[in-house]
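Engineer: Input file: my_file-v9.cif. Contents: mmCIF, C-alpha atoms; chains and numbers go by the auth columns.
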data_target
#
loop_
_atom_site.group_PDB
_atom_site.id
_atom_site.type_symbol
_atom_site.label_atom_id
_atom_site.label_comp_id
_atom_site.label_asym_id
_atom_site.label_seq_id
_atom_site.Cartn_x
_atom_site.Cartn_y
_atom_site.Cartn_z
_atom_site.B_iso_or_equiv
_atom_site.auth_seq_id
_atom_site.auth_asym_id
ATOM 1 C CA MET A 1 156.570 -51.101 -224.768 0.00 89 A
ATOM 2 C CA TRP A 2 156.749 -48.566 -221.950 0.00 90 A
ATOM 3 C CA ILE A 3 156.057 -49.815 -218.411 0.00 91 A
ATOM 4 C CA SER A 4 155.743 -47.333 -215.582 0.00 92 A
ATOM 5 C CA ASN A 5 158.055 -47.567 -212.605 0.00 93 A
ATOM 6 C CA THR A 6 155.021 -47.962 -210.346 0.00 94 A
ATOM 7 C CA TYR A 7 153.861 -50.954 -212.350 0.00 95 A
ATOM 8 C CA ARG A 8 157.354 -52.489 -212.220 0.00 96 A
ATOM 9 C CA LEU A 9 157.420 -51.980 -208.467 0.00 97 A
ATOM 10 C CA MET A 10 154.001 -53.630 -208.134 0.00 98 A
ATOM 11 C CA ILE A 11 155.332 -56.667 -209.998 0.00 99 A
ATOM 12 C CA LEU A 12 158.733 -56.873 -208.307 0.00 100 A
ATOM 13 C CA LEU A 13 157.711 -56.118 -204.716 0.00 101 A
ATOM 14 C CA PRO A 14 155.830 -59.410 -204.139 0.00 102 A
ATOM 15 C CA VAL A 15 158.749 -61.332 -205.630 0.00 103 A
ATOM 16 C CA LEU A 16 161.180 -59.530 -203.324 0.00 104 A
ATOM 17 C CA ILE A 17 158.971 -60.132 -200.289 0.00 105 A
ATOM 18 C CA MET A 18 158.670 -63.837 -201.144 0.00 106 A
ATOM 19 C CA SER A 19 162.456 -64.032 -201.505 0.00 107 A
ATOM 20 C CA ILE A 20 163.012 -62.453 -198.101 0.00 108 A
ATOM 21 C CA GLY A 21 160.397 -64.778 -196.617 0.00 109 A
ATOM 22 C CA GLY A 22 162.312 -67.740 -198.069 0.00 110 A
ATOM 23 C CA TRP A 23 165.537 -66.468 -196.522 0.00 111 A
ATOM 24 C CA SER A 24 163.860 -66.132 -193.173 0.00 112 A
ATOM 25 C CA GLN A 25 162.271 -69.563 -193.526 0.00 113 A
ATOM 26 C CA SER A 26 165.589 -71.360 -194.080 0.00 114 A
ATOM 27 C CA VAL A 27 167.129 -69.659 -191.042 0.00 115 A
ATOM 28 C CA GLU A 28 164.066 -70.397 -188.932 0.00 116 A
ATOM 29 C CA THR A 29 164.051 -74.045 -190.043 0.00 117 A
ATOM 30 C CA ALA A 30 167.709 -74.401 -189.015 0.00 118 A
ATOM 31 C CA LEU A 31 166.931 -72.693 -185.699 0.00 119 A
ATOM 32 C CA GLU A 32 164.011 -75.018 -185.019 0.00 120 A
ATOM 33 C CA ALA A 33 166.293 -77.998 -185.674 0.00 121 A
ATOM 34 C CA PHE A 34 168.811 -76.602 -183.187 0.00 122 A
ATOM 35 C CA ASP A 35 166.100 -76.019 -180.581 0.00 123 A
ATOM 36 C CA ARG A 36 165.114 -79.693 -180.902 0.00 124 A
ATOM 37 C CA GLN A 37 168.642 -81.164 -180.799 0.00 125 A
ATOM 38 C CA SER A 38 171.021 -78.463 -179.513 0.00 126 A
ATOM 39 C CA ASP A 39 174.118 -80.153 -180.890 0.00 127 A
ATOM 40 C CA VAL A 40 177.161 -79.006 -182.846 0.00 128 A
ATOM 41 C CA THR A 41 175.805 -80.214 -186.198 0.00 129 A
ATOM 42 C CA THR A 42 172.546 -78.270 -185.932 0.00 130 A
ATOM 43 C CA ALA A 43 174.365 -75.198 -184.569 0.00 131 A
ATOM 44 C CA ASN A 44 176.727 -75.254 -187.547 0.00 132 A
ATOM 45 C CA ARG A 45 173.763 -75.610 -189.937 0.00 133 A
ATOM 46 C CA PHE A 46 172.136 -72.552 -188.359 0.00 134 A
ATOM 47 C CA PHE A 47 175.312 -70.510 -188.857 0.00 135 A
ATOM 48 C CA GLU A 48 175.631 -71.775 -192.435 0.00 136 A
ATOM 49 C CA GLU A 49 172.184 -70.335 -193.119 0.00 137 A
ATOM 50 C CA LEU A 50 173.138 -67.006 -191.551 0.00 138 A
ATOM 51 C CA ASP A 51 176.320 -66.959 -193.637 0.00 139 A
ATOM 52 C CA LYS A 52 174.374 -67.715 -196.850 0.00 140 A
ATOM 53 C CA HIS A 53 172.473 -64.505 -196.227 0.00 141 A
ATOM 54 C CA ASP A 54 175.646 -62.553 -195.392 0.00 142 A
ATOM 55 C CA PHE A 55 174.297 -61.950 -191.906 0.00 143 A
ATOM 56 C CA THR A 56 177.604 -62.703 -190.179 0.00 144 A
ATOM 57 C CA ASP A 57 180.978 -61.279 -191.164 0.00 145 A
ATOM 58 C CA ASN A 58 182.301 -64.813 -191.656 0.00 146 A
ATOM 59 C CA LEU A 59 181.122 -68.364 -191.217 0.00 147 A
ATOM 60 C CA ILE A 60 180.988 -69.408 -187.563 0.00 148 A
ATOM 61 C CA VAL A 61 181.887 -73.072 -187.099 0.00 149 A
ATOM 62 C CA PHE A 62 182.037 -75.029 -183.860 0.00 150 A
ATOM 63 C CA ASN A 63 184.226 -78.028 -183.063 0.00 151 A
ATOM 64 C CA ALA A 64 182.668 -81.259 -181.872 0.00 152 A
ATOM 65 C CA ASP A 65 183.822 -80.669 -178.285 0.00 153 A
ATOM 66 C CA LYS A 66 181.988 -77.337 -177.840 0.00 154 A
ATOM 67 C CA ALA A 67 179.944 -77.305 -174.624 0.00 155 A
ATOM 68 C CA LYS A 68 176.164 -77.312 -175.019 0.00 156 A
ATOM 69 C CA ASP A 69 175.741 -74.095 -172.982 0.00 157 A
ATOM 70 C CA SER A 70 178.193 -72.278 -175.249 0.00 158 A
ATOM 71 C CA LEU A 71 176.364 -73.534 -178.338 0.00 159 A
ATOM 72 C CA CYS A 72 173.018 -72.423 -176.949 0.00 160 A
ATOM 73 C CA LEU A 73 174.382 -69.014 -175.997 0.00 161 A
ATOM 74 C CA GLN A 74 175.813 -68.381 -179.458 0.00 162 A
ATOM 75 C CA VAL A 75 172.821 -69.707 -181.402 0.00 163 A
ATOM 76 C CA TRP A 76 170.228 -67.947 -179.261 0.00 164 A
ATOM 77 C CA TYR A 77 172.146 -64.658 -179.287 0.00 165 A
ATOM 78 C CA TRP A 78 172.442 -64.751 -183.086 0.00 166 A
ATOM 79 C CA ALA A 79 168.800 -65.809 -183.389 0.00 167 A
ATOM 80 C CA ALA A 80 167.854 -62.718 -181.387 0.00 168 A
ATOM 81 C CA GLU A 81 169.998 -60.603 -183.732 0.00 169 A
ATOM 82 C CA TRP A 82 168.376 -62.238 -186.770 0.00 170 A
ATOM 83 C CA PHE A 83 164.824 -61.685 -185.587 0.00 171 A
ATOM 84 C CA TYR A 84 165.645 -58.105 -184.573 0.00 172 A
ATOM 85 C CA ASP A 85 166.974 -57.493 -188.071 0.00 173 A
ATOM 86 C CA CYS A 86 163.781 -59.042 -189.515 0.00 174 A
ATOM 87 C CA GLN A 87 161.741 -56.724 -187.250 0.00 175 A
ATOM 88 C CA GLN A 88 160.220 -59.704 -185.440 0.00 176 A
ATOM 89 C CA TYR A 89 160.764 -58.193 -182.020 0.00 177 A
ATOM 90 C CA GLU A 90 158.818 -60.670 -179.903 0.00 178 A
ATOM 91 C CA GLN A 91 160.889 -63.551 -181.249 0.00 179 A
ATOM 92 C CA ALA A 92 164.069 -61.508 -180.866 0.00 180 A
ATOM 93 C CA GLU A 93 163.139 -60.821 -177.250 0.00 181 A
ATOM 94 C CA ALA A 94 162.349 -64.481 -176.557 0.00 182 A
ATOM 95 C CA TYR A 95 165.713 -65.694 -177.878 0.00 183 A
ATOM 96 C CA GLY A 96 167.586 -62.856 -176.185 0.00 184 A
ATOM 97 C CA LEU A 97 166.043 -63.750 -172.842 0.00 185 A
ATOM 98 C CA LYS A 98 166.882 -67.439 -173.376 0.00 186 A
ATOM 99 C CA ALA A 99 170.518 -66.480 -174.012 0.00 187 A
ATOM 100 C CA LYS A 100 170.795 -64.007 -171.127 0.00 188 A
ATOM 101 C CA PRO A 101 171.437 -66.420 -168.216 0.00 189 A
ATOM 102 C CA LEU A 102 174.066 -68.236 -170.284 0.00 190 A
ATOM 103 C CA SER A 103 175.806 -64.939 -171.048 0.00 191 A
ATOM 104 C CA GLU A 104 176.148 -64.074 -167.358 0.00 192 A
ATOM 105 C CA VAL A 105 178.860 -66.705 -166.901 0.00 193 A
ATOM 106 C CA ARG A 106 182.433 -65.596 -166.302 0.00 194 A
ATOM 107 C CA GLY A 107 184.325 -65.262 -169.560 0.00 195 A
ATOM 108 C CA GLN A 108 181.254 -64.246 -171.560 0.00 196 A
ATOM 109 C CA GLU A 109 181.399 -60.521 -170.755 0.00 197 A
ATOM 110 C CA GLN A 110 181.614 -59.370 -174.377 0.00 198 A
ATOM 111 C CA ILE A 111 178.586 -61.292 -175.602 0.00 199 A
ATOM 112 C CA HIS A 112 176.761 -60.414 -172.368 0.00 200 A
ATOM 113 C CA GLY A 113 177.259 -56.711 -173.083 0.00 201 A
ATOM 114 C CA ASP A 114 176.212 -57.168 -176.712 0.00 202 A
ATOM 115 C CA LEU A 115 173.122 -59.043 -175.582 0.00 203 A
ATOM 116 C CA LEU A 116 172.161 -56.372 -173.032 0.00 204 A
ATOM 117 C CA SER A 117 172.509 -53.731 -175.748 0.00 205 A
ATOM 118 C CA LEU A 118 170.388 -55.792 -178.129 0.00 206 A
ATOM 119 C CA LEU A 119 167.686 -56.328 -175.491 0.00 207 A
ATOM 120 C CA ALA A 120 167.637 -52.574 -174.852 0.00 208 A
ATOM 121 C CA LEU A 121 167.089 -51.940 -178.561 0.00 209 A
ATOM 122 C CA ILE A 122 164.396 -54.629 -178.775 0.00 210 A
ATOM 123 C CA TYR A 123 162.499 -53.050 -175.878 0.00 211 A
ATOM 124 C CA VAL A 124 162.779 -49.625 -177.512 0.00 212 A
ATOM 125 C CA ARG A 125 161.206 -51.053 -180.674 0.00 213 A
ATOM 126 C CA GLU A 126 158.454 -52.646 -178.587 0.00 214 A
ATOM 127 C CA GLY A 127 157.851 -49.343 -176.767 0.00 215 A
ATOM 128 C CA HIS A 128 158.924 -50.700 -173.355 0.00 216 A
ATOM 129 C CA PHE A 129 161.230 -47.826 -172.477 0.00 217 A
ATOM 130 C CA GLU A 130 161.607 -48.678 -168.786 0.00 218 A
ATOM 131 C CA LYS A 131 162.935 -52.160 -169.609 0.00 219 A
ATOM 132 C CA ALA A 132 165.049 -50.683 -172.404 0.00 220 A
ATOM 133 C CA ALA A 133 166.642 -48.216 -169.975 0.00 221 A
ATOM 134 C CA GLN A 134 167.301 -50.999 -167.456 0.00 222 A
ATOM 135 C CA TYR A 135 169.217 -53.100 -169.989 0.00 223 A
ATOM 136 C CA ALA A 136 171.014 -50.087 -171.452 0.00 224 A
ATOM 137 C CA LYS A 137 172.177 -49.071 -167.958 0.00 225 A
ATOM 138 C CA GLU A 138 173.464 -52.604 -167.277 0.00 226 A
ATOM 139 C CA CYS A 139 175.289 -52.560 -170.597 0.00 227 A
ATOM 140 C CA ASN A 140 176.770 -49.142 -169.872 0.00 228 A
ATOM 141 C CA ALA A 141 178.009 -50.296 -166.453 0.00 229 A
ATOM 142 C CA LEU A 142 179.780 -53.245 -168.115 0.00 230 A
ATOM 143 C CA ASP A 143 181.255 -50.975 -170.768 0.00 231 A
ATOM 144 C CA LEU A 144 182.539 -48.512 -168.167 0.00 232 A
ATOM 145 C CA LYS A 145 184.098 -51.370 -166.198 0.00 233 A
ATOM 146 C CA ALA A 146 185.783 -52.791 -169.315 0.00 234 A
ATOM 147 C CA GLY A 147 186.990 -49.350 -170.372 0.00 235 A
ATOM 148 C CA ASN A 148 186.424 -49.762 -174.127 0.00 236 A
ATOM 149 C CA PRO A 149 185.775 -46.214 -175.402 0.00 237 A
ATOM 150 C CA ASP A 150 183.790 -47.330 -178.466 0.00 238 A
ATOM 151 C CA ASN A 151 181.459 -49.480 -176.380 0.00 239 A
ATOM 152 C CA ILE A 152 181.111 -46.751 -173.738 0.00 240 A
ATOM 153 C CA ALA A 153 180.125 -44.219 -176.403 0.00 241 A
ATOM 154 C CA SER A 154 177.669 -46.683 -177.922 0.00 242 A
ATOM 155 C CA SER A 155 175.949 -47.498 -174.637 0.00 243 A
ATOM 156 C CA PHE A 156 175.719 -43.810 -173.665 0.00 244 A
ATOM 157 C CA ASN A 157 174.224 -43.128 -177.099 0.00 245 A
ATOM 158 C CA THR A 158 171.641 -45.890 -176.582 0.00 246 A
ATOM 159 C CA LEU A 159 170.727 -44.466 -173.175 0.00 247 A
ATOM 160 C CA ALA A 160 170.400 -40.970 -174.625 0.00 248 A
ATOM 161 C CA GLY A 161 168.125 -42.263 -177.368 0.00 249 A
ATOM 162 C CA ILE A 162 165.921 -44.075 -174.870 0.00 250 A
ATOM 163 C CA TYR A 163 165.507 -41.029 -172.658 0.00 251 A
ATOM 164 C CA MET A 164 164.866 -38.764 -175.641 0.00 252 A
ATOM 165 C CA ALA A 165 162.175 -41.191 -176.840 0.00 253 A
ATOM 166 C CA ARG A 166 160.668 -41.078 -173.337 0.00 254 A
ATOM 167 C CA ARG A 167 160.761 -37.282 -173.529 0.00 255 A
ATOM 168 C CA GLN A 168 163.084 -37.190 -170.526 0.00 256 A
ATOM 169 C CA PRO A 169 166.200 -35.455 -171.866 0.00 257 A
ATOM 170 C CA GLU A 170 167.389 -34.499 -168.413 0.00 258 A
#
Can you present the structure in this file as structure tokens?
Structural biologist:
Amino acid sequence: MWISNTYRLMILLPVLIMSIGGWSQSVETALEAFDRQSDVTTANRFFEELDKHDFTDNLIVFNADKAKDSLCLQVWYWAAEWFYDCQQYEQAEAYGLKAKPLSEVRGQEQIHGDLLSLLALIYVREGHFEKAAQYAKECNALDLKAGNPDNIASSFNTLAGIYMARRQPE
């Protein structure tokens, strides 16, 4: 029996959407557990869920002696990344802003720069170009100070995109 591709898509699309929703649900459940307890066990469970969905390059595992602030920074940063990827920008913003003060600590420059870049992208998606430019400029200043050419190029590219979206190419 012949079934049109449109009909197949109509059947498979809800199944795919439900599958993605289930993926998101397991990550969100692990994140909620971490937000309640903020300990190594719940942090590791959160990263296990991200790894199950191939969201991280490899499984991130913390030792029992990891400081609570470091756990919170890592979990909240990756939660912001997750929600950004799921196009849930308000939640991505909320977790990014929770992580931001923890990323401003000496020794956290790399994740701080990554977080500033992510916040810039979140604000672009939300249409808040002024905030996006502010975070992109902060990220670019860090990148220039660190001298990493790849990061410098990336942050200049983000800034260019923001100003083009604002119709301010100059």
Engineer: Using all atoms listed in the file, which of A:Ile240, A:Cys174, A:Val193, A:Val212 sits nearest Asp157 (chain A)?
Structural biologist: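 Once distances to Asp157 (chain A) are computed over all atoms listed in the file, the minimum belongs to A:Val193.
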Engineer: Take the PyMOL selection byres ((chain A and resi 158-164) around 9), run it mentally on this structure, and tell me the resulting residues as a list in words.
Structural biologist: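 Selection result, ordered by chain and number: Leu119, Phe122, Asp123, Ser126, Asp127, Val128, Ala131, Phe134, Phe135, Phe150, Lys154, Ala155, Lys156, Asp157, Tyr165, Trp166, Ala167, Ala168, Glu169, Tyr183, Gly184, Leu185, Lys186, Ala187, Lys188, Pro189, Leu190, Ser191 and Ile199 of chain A.
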Engineer: With all atoms listed in the file as the counted atoms, please give the residues lying no more than 10 Å from Glu178 (chain A), apart from itself and same-chain residues fewer than 3 positions off, as a VMD selection string.
Structural biologist: chain A and resid 168 171 to 172 175 181 to 184 210 to 211 213 to 214
Engineer: Between CA of Ser243 (chain A) and CA of Leu206 (chain A), what is the distance in Å, rounded to a tenth?
Structural biologist: 10.6 Å
Engineer: Write out, as JSON lines, each residue of region 183-223 of chain A that has an atom at most 9 Å from region 229-236 of chain A, together with the closest pair of atoms and their distance in Å to one decimal, counting all atoms listed in the file, rows going by chain and rising number.
Structural biologist:
{"residue": "A:Glu197", "atom": "CA", "partner": "A:Leu230", "partner_atom": "CA", "distance": 7.9}
{"residue": "A:Gln198", "atom": "CA", "partner": "A:Leu230", "partner_atom": "CA", "distance": 8.9}
{"residue": "A:His200", "atom": "CA", "partner": "A:Leu230", "partner_atom": "CA", "distance": 8.9}
{"residue": "A:Gly201", "atom": "CA", "partner": "A:Leu230", "partner_atom": "CA", "distance": 6.6}
Engineer: Go through A:Asp139, A:Glu258, A:Glu226, A:Asp153 and flag the residue nearest Thr246 (chain A), using all atoms listed in the file for the distances.
Structural biologist: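 That would be A:Glu226, the residue with the smallest distance to Thr246 (chain A).
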